[in-house]
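Participant: Here you go, one structure.
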Amino acid sequence: MSKERKLKTIKNLLLHIFLLIAVLISVFPFYWMLSGSTNSSVDITGGVMRFGRNLKENWSQLQGTANVFLVCWNTIKTTLLYTFLSILICAMAGYGFEKYRSKGKNIVYAMFLLSMMIPFSAQMIPLFKMASRANMLDSHAAIILPTIAMPFLVFFFRQSFQSYPTELIEAARVDGAGEFRIFFHLVMLPMKSTFAAAAIYAFMKQWNNYLWPLIVIQSNEKKTFTLLLSSLASAYYVDYGQLMLAIVLATLPIIIVFLTMQKQFVEGIVGSSK
Amino acid sequence: MKRKLTAAITTAALALTLLSGCGNTSNTPQPSNEPAVQEPASGETSVKDTADSTAQTGNGETKTVTVWAWDDNFNVAVMKEAARVYSETSPEANINVDVVSLSKEDVYVKLQTALAGGGSGLPDIVLLEDYVSGKYLNTFPGAFADLTDKFDYSQFLSFKVDAVSQNGKTYALPFDTGATALYYRLDLIEQAGYTEEDMQDLTWDEFIAIGKDVTEKTGVQMIVEIANNKTTLVRAMMQSCGLWYFDKDGNISIQNNEALAASFDIIMKMKEAGILFEAESTEGRAGALNNGTVASVVNAPWFISSIRQAEDQKGLWRAARIPRISTLDASINASNVGGSSWYVLENSAVKDEAIAFLQGVWEGNTDFYDTIMRNQGAMGSYIPAYDTGVYDEEDEFFGGQKLNGLFAEVLPDVIPVNYGGYVAEANDAITTALANLFEGKTDINGALEQAESQLANQLGR
Amino acid sequence: MKHKKKAGPNYNRYGWAFIAAAFLLYLIFTIYPAVESLALAFQSLEGGKYVFVGLKNFKRMFGDAIFLQSLKNTFLYMIIQVPVMLMLALLLAVMLNSRFLKWKGMFRTSIFLPCVTSLVAYSILFKMMFSLDGIVNQFLMHLGILEQPYQFLQNSVWARAVIIIAMLWRWTGYNVIFYLSALQNIPKETFEAARVDGANAAQTLFRVTIPQLKPIVLLTAIMSTNGTLQLFDETMNITQGGPANSTLTVSHYIYNQSFVYAPNFGYASAISYMVVFLMIILAIIQFSVAGKEG
């Protein structure tokens with residue numbers, strides 16, 4: 001018995017050590033980013049890893065190049081709208097495909113999956129033509145609309161709804177609940193961790209979305225973070241201090257969302273263990 | 001903060017859940033997402049309106065000229081300065097110049113998509129590298145305005161004008177030049193027993209000999225080049241002989257290009273002598289220069305701002321004409337790498353205003369050229385501007401050397417070549433060939449042969 | 001059809017209503033452009049106009065040494081990186097789901113974090129880490145493994161390795177999210193039952209956990225394969241496809257054909273559909289392998 005316990009302790013220790021190493025590897029670049037934002041360009045290319053005293057300078061440089069607050073607001077706005085709309089629409093579609101199976105829907109579903117494989121660069125020019133014909137160039141709507149119906153999320157939700165017991169839905173129907181009411185009130189809530197994972201996926205995808213916003217956005221006032229970073233990083237002379245600070249600012253919001261969703265994950269566990 | 005955000009998201013989610021829950025019977029997507037998207041869009045226009053109204057100078061409507069360019073500290077800053085100057089000298093023109101800052105790659109991506117996608121969503125003025133000029137003029141004929149009669153091109157450097165001309169027509173206003181110089185650390189050269197005088201009008205063989213001594217005595221490698229993109233040196237050496245990847249008629253000229261063979265040979269000699277620092281990336285190159293792990297670099301005027309970052313090296317740097325190739329008589333101590341020019345889009349709604357703006361500032365206003373030379377280090381192509389005081393100014397970072405004067409002296413010597421427009425393809429072919437050469441997979445002739453066939457295949461010839 | 005009646009007479013219609021929004025958006029923004037770009041694959045841009053060229057673009061691919069090289073590279077990434085990443089992710093997910101783990105939140109967040117980094121940051125970082133005076137060289141020299149700094153990005157084998165390491169760093173945690181969320185959907189009772197039956201950790205993993213995770217493993221496998229076939233950002237930013245095209249991927253090549261070289265959207269589109277074709281074949285293989293095992 002005590003031997004077994006000892007073995008367990010060692011195992012536990014190994015578990016923690018292994019994960020700690022993984023954490024170190026994962027987190028190190030974030031430390032580097034943070035310290036970089038306080039250093040001068042020369043120090044950064046010279047491999048300095050300590051915190052420096054150049055933060056204020058970097059900030060005034062960055063402020064001089066771009067309206068960081070506006071860029072931040074543009075990114076947050078498009079990303080939140082996108083995340084919300086895409087998880088709503090894709091969750092409904094995934095639910096529809098899973099719980100209302102029919103031959104026609106399966107064919108549509110297969111089409112969804114198939115199109116997941118078409119590289120975006122292949123669709124870009126037709127999409128651009130559409131956006132310009134619809135007079136939507138240089139609008140945030142044009143950034144969001146084309147990718148709201150994300151095949152991958154539909155797939156993900158359909159897979160996840162498989163684990164939701166159909167009997168519960170049928171029982172609710174017997175009680176006279178409408179189909180949409182069942183979905184929004186009964187099905188959505190216990191699937192919190194699924195929605196959190198989907199939200200993280202959608203949020204990240206839009207936050208780091210680069211090629212398409214680049215194509216449709218025309219003015220400085222509509223720019224998002226990825227476009228700003230790309231233009232900062234490609235100067236003849238790159239000010240890495242300024243760039244690092246911009247990167248930190250571009251990463252912070254996504255980390256905040258992450259931590260928030262993290263809570264949802266944890267709640268998901270607590271909920272299911274009860 | 002965290003809790004608030006969660007609360008906000010949840011409330012928003014709930015609100016929409018309720019909304020779509022009500023519309024039980026008919027669930028169409030349009031009503032639910034349209035207002036959500038429309039609202040911010042109208043908010044945006046109001047931001048723009050206020051921006052426009054500040055630029056408004058008098059009666060009549062203000063027209064906006066949109067410019068696409070890259071590099072906030074260089075081209076973008078220069079164009080903003082031009083806009084400022086124009087609003088002072090020609091307030092009656094009543095235009096607002098909106099310079100959109102993108103990365104260089106992004107300018108090309110956007111431009112190619114918009115041109116291929118039918119021509120909407122284009123800017124009014126765009127900055128393009130001279131290297132890609134031919135590509136755009138060939139692929140999208142009629143897309144760019146013919147400016148032949150709009151400027152007195154005899155006032156601009158002839159090799160720049162050649163670069164933006166095709167079939168006798170000129171399509172751009174020549175902007176900056178890539179007048180090539182050898183930037184070097186005088187202190188390290190002196191430690192190896194040489195003087196500033198020894199660095200003037202060298203041949204590459206002499207340069208390598210000096211480099212060996214420098215590396216031996218100081219432990220610092222003599223010259224830096226980016227490993228995966230070795231073409232800066234190759235291009236500089238090639239144009240110093242008046243040769244290029246393409247001949248005058250635009251035919252591929254790699255396999256039998258004696259300047260290319262010579263430049264491969266020189267680079268291999270540098271490598272074998274152990275004086276070549278192969279940086280992995282632009283970051284690595286900047287780091288090596290600023291940390292003092294390398295003693296020299298060959299590049300264009302805009303590269304100076306990278307060197308200047310190392311304040312502790314102030315006064316230690318000097319610039320000189322680049323070395324020439326001793327085995328080729330045509331080779332001179334002057335060359336050019338890169339450089340770009342301003343193009344006006346033919347179908348722009350404000351084409352005439354855009355041209356007038358370019359004429360108003362970029363032709364005749366030498367004060368403007370002085371300003372951008374002083375503030376951004378941008379070396380224009382307008383010849384009358386080379387006589388001004390700014391070219392006599394001494395540069396402290398370069399030990400009081402008249403740096404601008406050096407460029408002004410080099411530029412008229414640069415031999416025009418036909419860039420051919422497909423420089424990106426050629427650079428890739430050359431980079432691949434050089435990498436194979438470095439790994440010992442082939443010899444110089446083999447490498448050139450391989451590059452020629454790769455390029456021919458890419459261009460479908 | 002009859003057994004579905006209990007869901008009501010409008011069963012099928014409700015199903016379509018749930019799908020309607022996504023389907024409509026999908027038709028407009030995916031199917032229509034995809035069809036148009038398929039048409040583009042049979043055309044070529046000549047003198048500013050598209051000209052029908054038949055199968056020329058497809059034929060060209062087979063004689064295009066760079067395309068074939070990029071295809072080879074892409075498969076190499078896929079064969080090595082995808083399985084390593086998925087196994088690592090599964091291992092981490094199971095560990096993170098352990099009952100005995102302390103500071104769960106901290107561990108989870110830290111391991112997920114890499115996937116939020118912006119591309120620019122991540123590529124600059126990896127370039128710098130593997131540079132001559134970068135931390136990797138310093139570390140290896142400190143340990144005495146290397147005597148002098150090594151140029152990783154200059155050697156074709158190591159350059160590929162750096163790309164794979166970079167992808168592992170960025171995307172492993174991302175897959176952990178999916179595994180973890182799936183693990184949490186497995187009822188706790190299942191594990192309890194296994195424990196009562198005296199199953200050890202390994203047995204639980206292979207007999208209980210993995211079978212339950214099969215759909216999600218399949219999902220991530222397809223997603224990662226897809227991601228590798230569309231791999232572009234990393235090679236573009238870290239190695240520019242070099243040295244000597246040894247890290248160039250198919251997607252990177254498509255980008256070059258569209259935007260870096262003289263615009264050849266027809267050829268780029270043809271290559272894209274070749275990728276789609278390969279993806280379909282791979283997905284069929286993956287589905288049938290998964291089907292057999294189950």
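Chain identifiers are assigned as A, B, and so on, following the order in which chains appear in the structure tokens; residues are numbered from 1 within each chain, and ligands are numbered from 1 in order of appearance.
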Report as a VMD selection string: the residues of region 18-187 of chain C with a DSSP assignment of strand (DSSP E), based on the backbone of this structure.
Facilitator: chain C and resid 43 to 46 49 to 52
Participant: Go ahead and write the residues just picked, C-alpha atoms, as a PDB file, in the first residue's frame.
Facilitator:
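Saved as result.pdb:
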```
ATOM      1  CA  GLN C  43      -7.452  30.303 -68.159  1.00  0.00           C
ATOM      2  CA  SER C  44      -4.348  32.377 -68.386  1.00  0.00           C
ATOM      3  CA  LEU C  45      -3.823  36.102 -67.994  1.00  0.00           C
ATOM      4  CA  GLU C  46      -2.407  37.404 -71.262  1.00  0.00           C
ATOM      5  CA  LYS C  49      -7.211  39.615 -70.339  1.00  0.00           C
ATOM      6  CA  TYR C  50      -8.053  36.057 -69.373  1.00  0.00           C
ATOM      7  CA  VAL C  51      -7.738  33.585 -72.219  1.00  0.00           C
ATOM      8  CA  PHE C  52      -8.996  30.003 -72.206  1.00  0.00           C
TER       9      PHE C  52
END
```
Participant: Just need the residues of chain B within 6 Å of chain A, counting only C-alpha atoms, so spit them out as an MDAnalysis selection string.
Facilitator: chainID B and resid 37 71 100 102:103 110 117 287 306
Participant: Should the cut-off be 6 Å, what would the residue list for chain C against chain B look like, counting only C-alpha atoms, as a list in words?
Facilitator: Ala17, Ala21, Gly47, Gly48, Gly242, Pro243, Ala244, Phe259, Tyr261 and Ala262 of chain C
Participant: Find the residue from A:Tyr31, A:Phe97, A:Trp59, A:Phe157 that sits nearest to chain C; use only C-alpha atoms when measuring.
Facilitator: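 Answer, going by the shortest atom-to-atom distance: A:Phe97.
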Participant: Considering only C-alpha atoms, state which residue in the set C:Ser37, C:Lys56, C:Ala20, C:Asp133 is at the smallest distance from Thr293 (chain B).
Facilitator: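 Among C:Ser37, C:Lys56, C:Ala20, C:Asp133, it is C:Asp133 that comes nearest to Thr293 (chain B).
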Participant: Could you tell me which of C:Leu71, C:Ile285, C:Leu183, C:Leu90 comes closest to chain A if we count only C-alpha atoms?
Facilitator: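 Once distances to chain A are computed over only C-alpha atoms, the minimum belongs to C:Leu183.
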Participant: Extract the full set of alpha helix (DSSP H) residues from region 253-365 of chain B according to DSSP on the backbone, and format it as a VMD selection string.
Facilitator: chain B and resid 258 to 273 282 to 291 304 to 308 351 to 362
Participant: Pick from C:Met78, C:Ala41, C:Ala65, C:Gly134: nearest to Val48 (chain A), with only C-alpha atoms counted?
Facilitator: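 Of C:Met78, C:Ala41, C:Ala65, C:Gly134, the one nearest Val48 (chain A), counting only C-alpha atoms, is C:Gly134.
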Participant: What is the distance, in Å and to one decimal place, between CA of Ala250 (chain A) and CA of Val71 (chain A)?
Facilitator: 9.4 Å
Participant: For CA of Gly241 (chain A) and CA of Leu62 (chain A), determine how far apart the two atoms are, in Å to one decimal place.
Facilitator: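 Atom-to-atom, CA of Gly241 (chain A) to CA of Leu62 (chain A), that is 9.2 Å.
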Participant: Considering only C-alpha atoms, return as number ranges by chain whatever protein or nucleic-acid residues lie within 7 Å of region 324-336 of chain B, sequence-local ones (same chain, fewer than 3 positions apart) excluded.
Facilitator: B: 178-180, 201-204, 236, 239-241, 321, 410, 413-414
